[in-house]
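Have a look at the structure below, then the notes.
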Amino acid sequence: MKKILIKNIKGLVQCGEDLPMMRKGKEMRELPIIENAYLALEDGVIVAYGPMSEWGGITDWRDLEVIDAEGKFVLPAFCDSHTHTVFAQSREEEFVDRINGLSYEEIALRGGGILNSARRLQEMYEDELVAKAKERIERLISYGTGALEIKSGYGLTVEAELKMLRVIKRLKEECAIEIKATFLGAHAFPTEYKENHRGYIDLIINEMIPAIEKEKLADYIDVFCERNYFSVEQMSEILEAGIKIGLKPKVHVNQFSAMGGIRKAVELGALSVDHLEELADDDIEALKNSATIPTILPSCSHFLSIPFGDARRMMENDLPVCLASDFNPGSTPSGNLGFVWSLACVKMKMTPEEALNALTINAAYAMDLSETHGTISLGKKTPIIITKVIPNLAYIPYAFGDNHFERVIV
């Protein structure tokens with residue numbers, strides 16, 4: 001048994017028992033912290049914590065690592081509930097196109113964007129995709145990520161979508177952190193189905209979804225509900241087919257327009273609705289008193305120069321907010337959640353405490369991981385972040401250009 005004792009912690013963050021599954025509205029300003037604390041782990045499971053004044057000392061030193069965290073904070077690792085971590089190549093040429101004046105939608109309409117990534121992924125072998133994704137995941141862990149959702153959606157054929165999901169399944173088995181798989185065959189219409197949307201939807205429902213059920217390849221199902229992509233009606237049909245085989249919806253919606261997708265997603269029991277750069281009054285009303293958590297992706301807004309999600313409006317309406325990276329090669333080539341924390345504070349006027357709740361306890365909820373991740377509580381196995389010596393927690397989003405994490409224990 002591997003045992004770790006972290007002592008003299010300046011602040012043990014997001015700790016306690018009988019905590020809620022998520023925080024919403026004004027509750028998001030709450031952040032329990034024990035000053036001058038200790039934390040004990042056995043095989044990654046939290047077995048004890050509290051103030052140093054209550055620490056009873058060590059009776060068994062065998063296989064024990066002692067870490068002195070004087071001047072440092074300890075917090076649960078982030079949960080990243082929306083990523084596209086499996087992809088073939090970066091797309092920096094489109095970055096230059098946008099600098100030269102093309103919009104993301106214009107690039108997509110001429111065959112770039114998602115279709116560009118799909119072409120490249122279709123040509124790459126599974127082993128190479130696994131190797132590339134593992135390198136990225138190791139980097140994400142160094143940034144403080146302790147749980148990861150990964151979507152398909154760069155395949156857009158039966159063979160390539162299944163290949164992506166098999167890659168994610170291997171990553172689940174071979175990586176140190178918890179990984180959830182989302183089927184996103186409805187990410188875009190492939191070129192060959194540009195004039196035959198019905199044909200591609202039938203392919204998703206009649207071929208992709210049954211194959212996914214047979215191999216047990218996904219936890220969730222997603223649809224990009226947006227103008228020039230999938231309509232609310234098309235989204236509903238695809239999600240209902242996934243629900244029939246036990247896949248829970250997590251939906252891309254309201255990135256460029258508000259089309260009523262949020263209300264329909266809530267009606268279908270979506271765990272989360274993600275993007276929300278655009279938000280109508282009806283969307284707010286649909287989310288109230290629901291179990292669906294709104295998820296904002298500020299790195300995407302930053303990189304595409306589109307509006308940032310209105311987190312303050314959501315919280316003023318007593319809604320929870322989750323933050324995620326949207327890590328992908330086209331619109332968010334960064335999975336650094338420390339940077340997301342900073343963007344949430346600077347661009348969305350979230351307090352450091354609100355943003356940290358959105359990255360931990362609420363993000364765990366958005367991945368069905370509330371029982372194991374998101375807080376420092378007895379019996380949980382959430383990975384642990386130990387910061388470098390810093391004056392306070394607000395310093396992390398304040399000094400956004402640095403990595404303030406000394407170690408991530410997974």
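Going by the structure tokens order, chains are called A, B, ..., each with residues numbered from 1, while ligands are numbered from 1 in the order shown.
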
Hey, which bits of stretch 67-98 of chain A sit within 8 Å of stretch 120-123 of chain A, and for each residue what's the closest pair of atoms and how far apart in Å (one decimal), counting only C-alpha atoms, rows by chain and increasing number, as a tab-separated table?
residue	atom	partner	partner_atom	distance
A:Phe87	CA	A:Leu121	CA	6.4
A:Ala88	CA	A:Leu121	CA	4.9
A:Gln89	CA	A:Arg120	CA	7.0

Deliver the residues from the most recent selection as a file, using C-alpha atoms, as an mmCIF file, in the first residue's frame.
data_model
loop_
_atom_site.group_PDB
_atom_site.id
_atom_site.type_symbol
_atom_site.label_atom_id
_atom_site.label_comp_id
_atom_site.auth_asym_id
_atom_site.auth_seq_id
_atom_site.Cartn_x
_atom_site.Cartn_y
_atom_site.Cartn_z
ATOM 1 C CA PHE A 87 -7.065 14.202 -33.071
ATOM 2 C CA ALA A 88 -4.541 13.657 -35.827
ATOM 3 C CA GLN A 89 -2.861 17.023 -36.391
#

If you run DSSP on this backbone, which residues of stretch 188-355 of chain A come out as strand (DSSP E), and could you give them as a list in words?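 Taking stretch 188-355 of chain A and keeping strand (DSSP E) only, one gets Tyr220, Ile221, Asp222, Val223, Phe224, Cys225, Lys248, Pro249, Lys250, Val251, His252, Val253, Ser272, Val273, Asp274, His275, Ile293, Pro294, Thr295, Ile296, Cys322 and Leu323 of chain A.
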
From the list A:Phe400, A:Tyr154, A:Tyr395, A:Tyr365, the nearest residue to A:Met21 using only C-alpha atoms is A:Tyr365

Residues near A:Glu178, cut-off 8 Å, only C-alpha atoms, skip fewer than 4 positions along chain, as a list in words: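 My list of contacting residues is Gly146, Ala147, Leu148 and Lys172 of chain A.
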
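Between atom CA of A:Arg407 and atom CA of A:Asp127 the interatomic distance comes to 28.9 Å.
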
Name all residues at most 10 Å from A:Lys288 (count only C-alpha atoms; drop same-chain ones fewer than 2 positions away) and give them as a VMD selection string. chain A and resid 266 283 to 286 290 to 293 314 317 to 320

Output for the residues just chosen: N, CA and C atoms as a CSV table (one decimal), in the first residue's frame:
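selection_0.csv written:
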chain,number,residue,atom,x,y,z
A,266,VAL,N,-32.6,19.8,-22.3
A,266,VAL,CA,-33.1,19.7,-21.0
A,266,VAL,C,-34.3,18.6,-20.9
A,283,ASP,N,-33.7,30.2,-22.7
A,283,ASP,CA,-32.7,29.2,-22.3
A,283,ASP,C,-32.5,29.2,-20.8
A,284,ILE,N,-32.5,30.4,-20.2
A,284,ILE,CA,-32.4,30.5,-18.8
A,284,ILE,C,-33.5,29.8,-18.1
A,285,GLU,N,-34.7,30.1,-18.5
A,285,GLU,CA,-35.9,29.5,-17.9
A,285,GLU,C,-35.9,28.0,-18.1
A,286,ALA,N,-35.4,27.5,-19.2
A,286,ALA,CA,-35.4,26.0,-19.4
A,286,ALA,C,-34.4,25.3,-18.4
A,290,SER,N,-33.7,22.4,-13.3
A,290,SER,CA,-33.4,21.2,-14.1
A,290,SER,C,-32.1,20.5,-13.5
A,291,ALA,N,-31.8,19.3,-13.9
A,291,ALA,CA,-30.6,18.6,-13.5
A,291,ALA,C,-29.5,18.8,-14.5
A,292,THR,N,-29.7,19.7,-15.5
A,292,THR,CA,-28.7,19.9,-16.6
A,292,THR,C,-27.8,21.1,-16.2
A,293,ILE,N,-26.5,20.9,-16.3
A,293,ILE,CA,-25.6,22.0,-15.9
A,293,ILE,C,-25.0,22.7,-17.1
A,314,MET,N,-26.1,33.8,-15.5
A,314,MET,CA,-26.5,32.4,-15.1
A,314,MET,C,-26.6,32.4,-13.5
A,317,ASN,N,-29.4,34.1,-11.9
A,317,ASN,CA,-30.6,33.3,-12.0
A,317,ASN,C,-30.6,32.0,-11.2
A,318,ASP,N,-29.7,31.9,-10.3
A,318,ASP,CA,-29.5,30.7,-9.4
A,318,ASP,C,-29.2,29.5,-10.1
A,319,LEU,N,-28.4,29.6,-11.2
A,319,LEU,CA,-28.0,28.4,-12.0
A,319,LEU,C,-26.5,28.0,-11.6
A,320,PRO,N,-26.2,26.8,-11.7
A,320,PRO,CA,-24.8,26.4,-11.5
A,320,PRO,C,-24.0,26.7,-12.8

If you count only C-alpha atoms, which residues fall within 8 Å of A:Lys72, apart from same-chain ones fewer than 3 positions away, as a PyMOL selection string? chain A and resi 9-11+69+386-390

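What separates atom CA of A:Gly260 from atom CA of A:Leu156 is a distance of 24.9 Å.
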
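Atom CA of A:Ile385 is positioned 13.1 Å from atom CA of A:Ile177.
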
Might you pull out every residue within 9 Å of A:Asp43, with only C-alpha atoms counted and same-chain residues fewer than 3 positions away left off, and present them as a PyMOL selection string? chain A and resi 1-4+46+381
